[in-house]
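As stored in structure39.cif (mmCIF, C-alpha atoms and all ligand atoms):
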```cif
data_entry
#
loop_
_atom_site.label_atom_id
_atom_site.label_comp_id
_atom_site.auth_asym_id
_atom_site.auth_seq_id
_atom_site.Cartn_x
_atom_site.Cartn_y
_atom_site.Cartn_z
CA MET A 4 110.18 104.09 110.69
CA THR A 5 109.64 100.99 108.64
CA PHE A 6 106.54 99.03 107.74
CA PRO A 7 104.41 97.88 109.54
CA ALA A 8 105.03 100.46 112.27
CA TYR A 9 104.31 103.25 109.79
CA HIS A 10 101.57 103.10 107.18
CA ASP A 11 101.59 105.78 104.50
CA PRO A 12 98.01 106.46 103.30
CA LEU A 13 99.45 107.78 100.02
CA GLN A 14 101.16 104.46 99.31
CA PRO A 15 98.34 101.98 99.89
CA HIS A 16 98.81 98.26 99.37
CA ALA A 17 95.19 97.63 98.46
CA HIS A 18 92.13 99.76 97.90
CA ASP A 19 88.54 99.32 96.81
CA PRO A 20 87.98 102.14 94.33
CA ASN A 21 85.48 104.80 95.26
CA PRO A 22 82.89 104.85 92.48
CA GLU A 23 81.50 108.37 92.85
CA PRO A 24 83.13 111.74 92.10
CA PRO A 25 83.47 113.73 95.33
CA SER A 26 82.13 116.95 93.72
CA ASP A 27 81.34 118.44 90.32
CA ASP A 28 84.26 120.87 90.18
CA PRO A 29 87.40 119.52 88.45
CA ALA A 30 89.67 122.41 89.54
CA PHE A 31 92.52 121.56 91.90
CA VAL A 32 94.94 123.46 94.10
CA LEU A 33 98.69 123.39 93.56
CA HIS A 34 100.56 124.09 96.79
CA ARG A 35 104.11 125.17 96.04
CA PRO A 36 107.07 124.48 98.37
CA ASP A 37 107.39 128.24 98.88
CA HIS A 38 103.81 128.25 100.27
CA VAL A 39 102.22 129.93 97.27
CA ALA A 40 99.00 128.25 96.09
CA HIS A 41 97.47 128.26 92.61
CA THR A 42 93.99 127.10 91.69
CA ILE A 43 94.32 125.18 88.41
CA THR A 44 91.23 125.03 86.25
CA ILE A 45 90.65 122.96 83.11
CA ARG A 46 90.99 126.19 81.15
CA ALA A 47 94.45 126.76 82.68
CA LEU A 48 95.49 123.20 81.75
CA ASP A 49 94.25 123.78 78.19
CA GLU A 50 96.76 126.61 77.84
CA LEU A 51 99.76 124.33 78.57
CA PRO A 52 101.37 121.90 76.10
CA HIS A 53 99.14 118.90 75.36
CA THR A 54 100.81 115.49 75.52
CA ILE A 55 99.28 112.32 74.07
CA LEU A 56 100.06 108.90 75.56
CA HIS A 57 98.93 105.86 73.59
CA ASN A 58 98.57 102.32 74.93
CA CYS A 59 97.74 103.10 78.54
CA TYR A 60 96.14 100.45 80.71
CA ILE A 61 94.38 100.71 84.04
CA VAL A 62 95.67 97.49 85.55
CA SER A 63 93.58 96.47 88.50
CA THR A 64 94.06 92.89 89.58
CA GLY A 65 90.96 93.20 91.72
CA HIS A 66 88.69 94.71 89.09
CA GLY A 67 90.31 93.63 85.82
CA THR A 68 92.46 95.43 83.30
CA SER A 69 90.88 98.07 81.08
CA GLY A 70 92.37 99.63 77.96
CA PRO A 71 94.28 100.24 75.85
CA PHE A 72 93.39 103.91 76.20
CA THR A 73 94.95 107.01 74.71
CA PHE A 74 95.12 109.47 77.58
CA SER A 75 96.12 113.06 76.92
CA GLY A 76 96.61 116.20 78.94
CA VAL A 77 99.49 118.01 80.63
CA THR A 78 102.58 116.22 81.91
CA LEU A 79 103.38 116.80 85.56
CA ARG A 80 106.78 117.97 84.36
CA ASP A 81 105.26 120.68 82.11
CA LEU A 82 102.82 121.76 84.81
CA LEU A 83 105.57 122.20 87.40
CA ALA A 84 107.90 123.87 84.90
CA HIS A 85 105.16 126.43 84.35
CA TYR A 86 104.06 127.01 87.95
CA LEU A 87 107.21 126.54 90.06
CA PRO A 88 109.83 129.30 90.11
CA PRO A 89 113.07 127.90 88.64
CA ASP A 90 114.98 128.32 91.90
CA VAL A 91 112.50 126.33 94.01
CA ALA A 92 113.76 122.83 94.77
CA TRP A 93 111.24 120.07 95.38
CA GLN A 94 111.50 116.39 96.26
CA GLN A 95 108.01 114.97 96.10
CA ALA A 96 104.46 115.80 95.16
CA GLU A 97 101.41 114.44 96.95
CA VAL A 98 98.62 113.95 94.41
CA ILE A 99 95.32 113.62 96.26
CA GLY A 100 91.80 113.16 94.95
CA GLY A 101 88.79 114.90 96.44
CA ASP A 102 87.89 111.61 98.12
CA GLY A 103 91.26 111.49 99.94
CA PHE A 104 92.79 108.71 97.82
CA GLY A 105 96.23 109.62 96.50
CA THR A 106 99.83 108.83 95.68
CA ARG A 107 103.30 110.36 95.88
CA VAL A 108 105.41 111.29 92.91
CA TRP A 109 109.15 111.72 93.50
CA ALA A 110 111.10 114.38 91.65
CA THR A 111 113.53 111.67 90.53
CA GLU A 112 110.66 109.97 88.64
CA LEU A 113 110.37 112.99 86.35
CA GLU A 114 114.08 113.09 85.61
CA GLN A 115 114.10 109.76 83.81
CA GLU A 116 113.75 110.68 80.14
CA THR A 117 113.45 107.07 79.04
CA ILE A 118 110.23 106.23 80.87
CA ARG A 119 106.82 107.43 79.74
CA PRO A 120 105.77 110.71 81.37
CA ILE A 121 103.38 111.06 84.27
CA LEU A 122 100.29 112.86 82.99
CA LEU A 123 97.44 114.92 84.36
CA ALA A 124 94.87 113.60 81.93
CA THR A 125 91.95 115.67 80.71
CA HIS A 126 91.04 113.48 77.72
CA ARG A 127 90.63 109.79 76.98
CA ASN A 128 90.69 108.60 73.36
CA GLY A 129 90.48 112.24 72.25
CA VAL A 130 87.27 112.94 74.17
CA PRO A 131 87.19 115.06 77.34
CA LEU A 132 87.07 112.88 80.43
CA THR A 133 83.83 113.17 82.31
CA ARG A 134 83.93 113.85 86.00
CA ALA A 135 82.71 110.28 86.60
CA GLN A 136 85.69 109.01 84.59
CA GLY A 137 88.07 110.87 86.87
CA LEU A 138 88.66 114.37 85.45
CA VAL A 139 91.45 115.42 86.20
CA ARG A 140 93.14 112.03 86.44
CA LEU A 141 96.76 111.20 87.15
CA ILE A 142 98.13 108.63 84.72
CA VAL A 143 101.33 106.84 85.73
CA PRO A 144 101.96 104.65 82.67
CA GLN A 145 104.40 102.27 84.39
CA GLU A 146 102.12 101.53 87.33
CA LYS A 147 100.62 98.03 87.24
CA ASP A 148 100.00 97.54 90.95
CA ASP A 149 96.19 97.48 91.13
CA ALA A 150 95.90 100.99 89.63
CA LEU A 151 97.01 102.40 92.96
CA ARG A 152 98.62 105.48 91.36
CA GLN A 153 95.96 106.26 88.73
CA VAL A 154 94.38 108.94 90.93
CA LYS A 155 90.98 110.26 89.86
CA TRP A 156 89.46 113.64 90.74
CA ILE A 157 92.73 115.37 91.64
CA ARG A 158 91.96 118.02 94.21
CA GLN A 159 95.34 118.79 95.77
CA LEU A 160 98.83 118.72 94.36
CA ASN A 161 101.14 119.37 97.28
CA VAL A 162 104.69 119.95 96.09
CA LEU A 163 107.10 119.49 98.99
CA ALA A 164 110.73 120.40 99.49
CA THR A 165 111.22 117.50 101.92
CA GLY A 166 111.59 113.83 101.15
CA SER A 167 109.59 112.46 104.07
N1 LIG B 201 90.43 109.38 93.60
C1 LIG B 201 90.48 108.06 93.46
N2 LIG B 201 91.23 107.53 92.48
C2 LIG B 201 91.33 106.19 92.34
C3 LIG B 201 90.67 105.34 93.25
C4 LIG B 201 89.86 105.93 94.27
O1 LIG B 201 89.22 105.26 95.08
N3 LIG B 201 89.79 107.29 94.33
N4 LIG B 201 90.82 103.99 93.15
C5 LIG B 201 91.99 103.49 92.39
C6 LIG B 201 91.83 102.07 92.12
S1 LIG B 201 92.19 101.01 93.39
C7 LIG B 201 91.41 101.61 90.90
S2 LIG B 201 91.31 99.95 90.57
C8 LIG B 201 91.10 102.55 89.80
C9 LIG B 201 89.76 102.28 89.14
O2 LIG B 201 89.72 103.06 87.98
P1 LIG B 201 88.64 102.83 86.87
O3 LIG B 201 87.31 103.13 87.50
O4 LIG B 201 88.97 103.75 85.76
O5 LIG B 201 88.75 101.38 86.46
O6 LIG B 201 91.10 103.92 90.23
C10 LIG B 201 92.15 104.26 91.08
N5 LIG B 201 92.08 105.68 91.34
MO MO B 202 92.45 98.94 92.31
#
```
How does the structure come out when it is put into structure tokens?
Amino acid sequence: MTFPAYHDPLQPHAHDPNPEPPSDDPAFVLHRPDHVAHTITIRALDELPHTILHNCYIVSTGHGTSGPFTFSGVTLRDLLAHYLPPDVAWQQAEVIGGDGFGTRVWATELEQETIRPILLATHRNGVPLTRAQGLVRLIVPQEKDDALRQVKWIRQLNVLATGS
């Protein structure tokens, strides 16, 4: 179906940001396409390669642009390379905060070597993110559409084999 008959809550057109973390616990659950689930703690993220992204902006037309920030953490690509079996195909990942706000990442977005990587950020400017600042926060460096993909407080990462 096409818009406006179908509205996808993970591709919002506008959103007033929720100010409060939904809970204290920054762990999230990775649901694999083969129905295995992993709980991913900060400690588990710390054991994966750490990627640093300079010159990141949170571009919210409604609330102003903030930055530049240096966000660092684990790329979605490295996370999935570690946790998905090599023979498991996937098409999209739903990245959803504990407050229900979220976005979709398409597998094709991770294949483009030339664009800056999508990151699960644990640090900002070299300092651990606080829970209030969004720990663990998705950073999509190319996104300038009201910060609608910069998902704070990731709680679920649902990796799906289907495109719709
Ligand atoms: N989990 C979650 N992430 C979110 C939001 C939200 O409501 N919940 N709001 C988004 C929007 S619309 C904005 S403008 C930014 C605000 O981020 P900031 O507080 O770092 O400026 O967070 C984005 N990420
Ligand atoms: Mo926003």
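Once only C-alpha atoms and all ligand atoms are used for the distance check, the residues close to ligand MO 202 (chain B) at 10 Å turn out to be His16, Ala17, His18, Asp19, Pro20, Asn21, Ile61, Val62, Ser63, Thr64, Gly65, His66, Gly67, Thr68, Lys147, Asp148, Asp149, Ala150, Leu151, Arg152 and Gln153 of chain A.
Going from atom CA of A:Gly105 to atom CA of A:Ile142 covers 12.0 Å.
Comparing A:Asp102, A:Asp27, A:Glu50, A:Glu114 by their smallest distance to A:Gly76, the closest is A:Glu50 (using only C-alpha atoms).
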- [ ] Determine, counting only C-alpha atoms, every residue of protein, DNA or RNA that lies within 6 Å of (97.6, 116.1, 83.3) in the file coordinates, then give the result as a ChimeraX atom specification.
- [x] /A:76-78,122-124
Task: 6 Å contact set for stretch 36-38 of chain A, all atoms listed in the file, chain neighbours under 4 positions out, as a PyMOL selection string - done: chain A and resi 162-164
Only C-alpha atoms, please: the residues just picked out, written as a PDB file, in the frame of the given file.
```pdb
ATOM      1  CA  VAL A 162     104.690 119.950  96.090  1.00  0.00           C
ATOM      2  CA  LEU A 163     107.100 119.490  98.990  1.00  0.00           C
ATOM      3  CA  ALA A 164     110.730 120.400  99.490  1.00  0.00           C
TER       4      ALA A 164
END
```
Task: Close residues, A:Arg80 itself excluded, 7 Å, all atoms listed in the file, min 3 positions apart in chain, as a PyMOL selection string - done: chain A and resi 83-84+113
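Atom pair atom CA of A:Trp109 / atom CA of A:Leu138 has a distance of 22.2 Å (rounded to one decimal).
Candidate residues A:Tyr86, A:Phe31, A:Tyr9, A:Tyr60 were compared for distance to ligand LIG 201 (chain B), and the nearest is A:Tyr60, using all atoms listed in the file.
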Go ahead and find all residues with at least one atom no further than 6 Å from (95.0, 99.4, 74.5) in the file's coordinates, using only C-alpha atoms; report them as a PDB file with C-alpha atoms, in the frame of the given file.
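Wrote selection_30.pdb, looks like this:
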```pdb
ATOM      1  CA  ASN A  58      98.570 102.320  74.930  1.00  0.00           C
ATOM      2  CA  GLY A  70      92.370  99.630  77.960  1.00  0.00           C
ATOM      3  CA  PRO A  71      94.280 100.240  75.850  1.00  0.00           C
ATOM      4  CA  PHE A  72      93.390 103.910  76.200  1.00  0.00           C
TER       5      PHE A  72
END
```
Open item on the list: Show me, as a ChimeraX atom specification, the residues that have an atom within 12 Å of A:Glu23 when counting only C-alpha atoms, minus same-chain residues fewer than 3 positions from it.
Closed with: /A:20,26-27,100-102,133-138,155-156
TODO: Measure the distance from atom CA of A:Ala110 to atom CA of A:Leu141 in Å and round it to one decimal.
DONE: 15.4 Å
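Each of A:Val139, A:Arg35, A:Ala8, A:Gly129 was checked against A:Pro89 using all atoms listed in the file; the smallest atom-to-atom distance is that of A:Arg35.
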Task: Nearby residues (all atoms listed in the file) at most 12 Å from A:Glu112, same-chain spacing under 3 positions excluded, as a PyMOL selection string - done: chain A and resi 79-80+94-96+107-109+115-121+143-145
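In terms of minimum interatomic distance to ligand LIG 201 (chain B), A:Gly103 ranks closest within A:Gly103, A:Pro131, A:Pro88, A:Gly166, counting all atoms listed in the file.
Nearest residue to ligand LIG 201 (chain B), choosing from A:Thr111, A:Thr44, A:Thr54, A:Gln14 and counting only C-alpha atoms and all ligand atoms: A:Gln14.
Using all atoms listed in the file, the nearest neighbour of ligand LIG 201 (chain B) within the list A:His41, A:His126, A:Arg140, A:His85 is A:Arg140.
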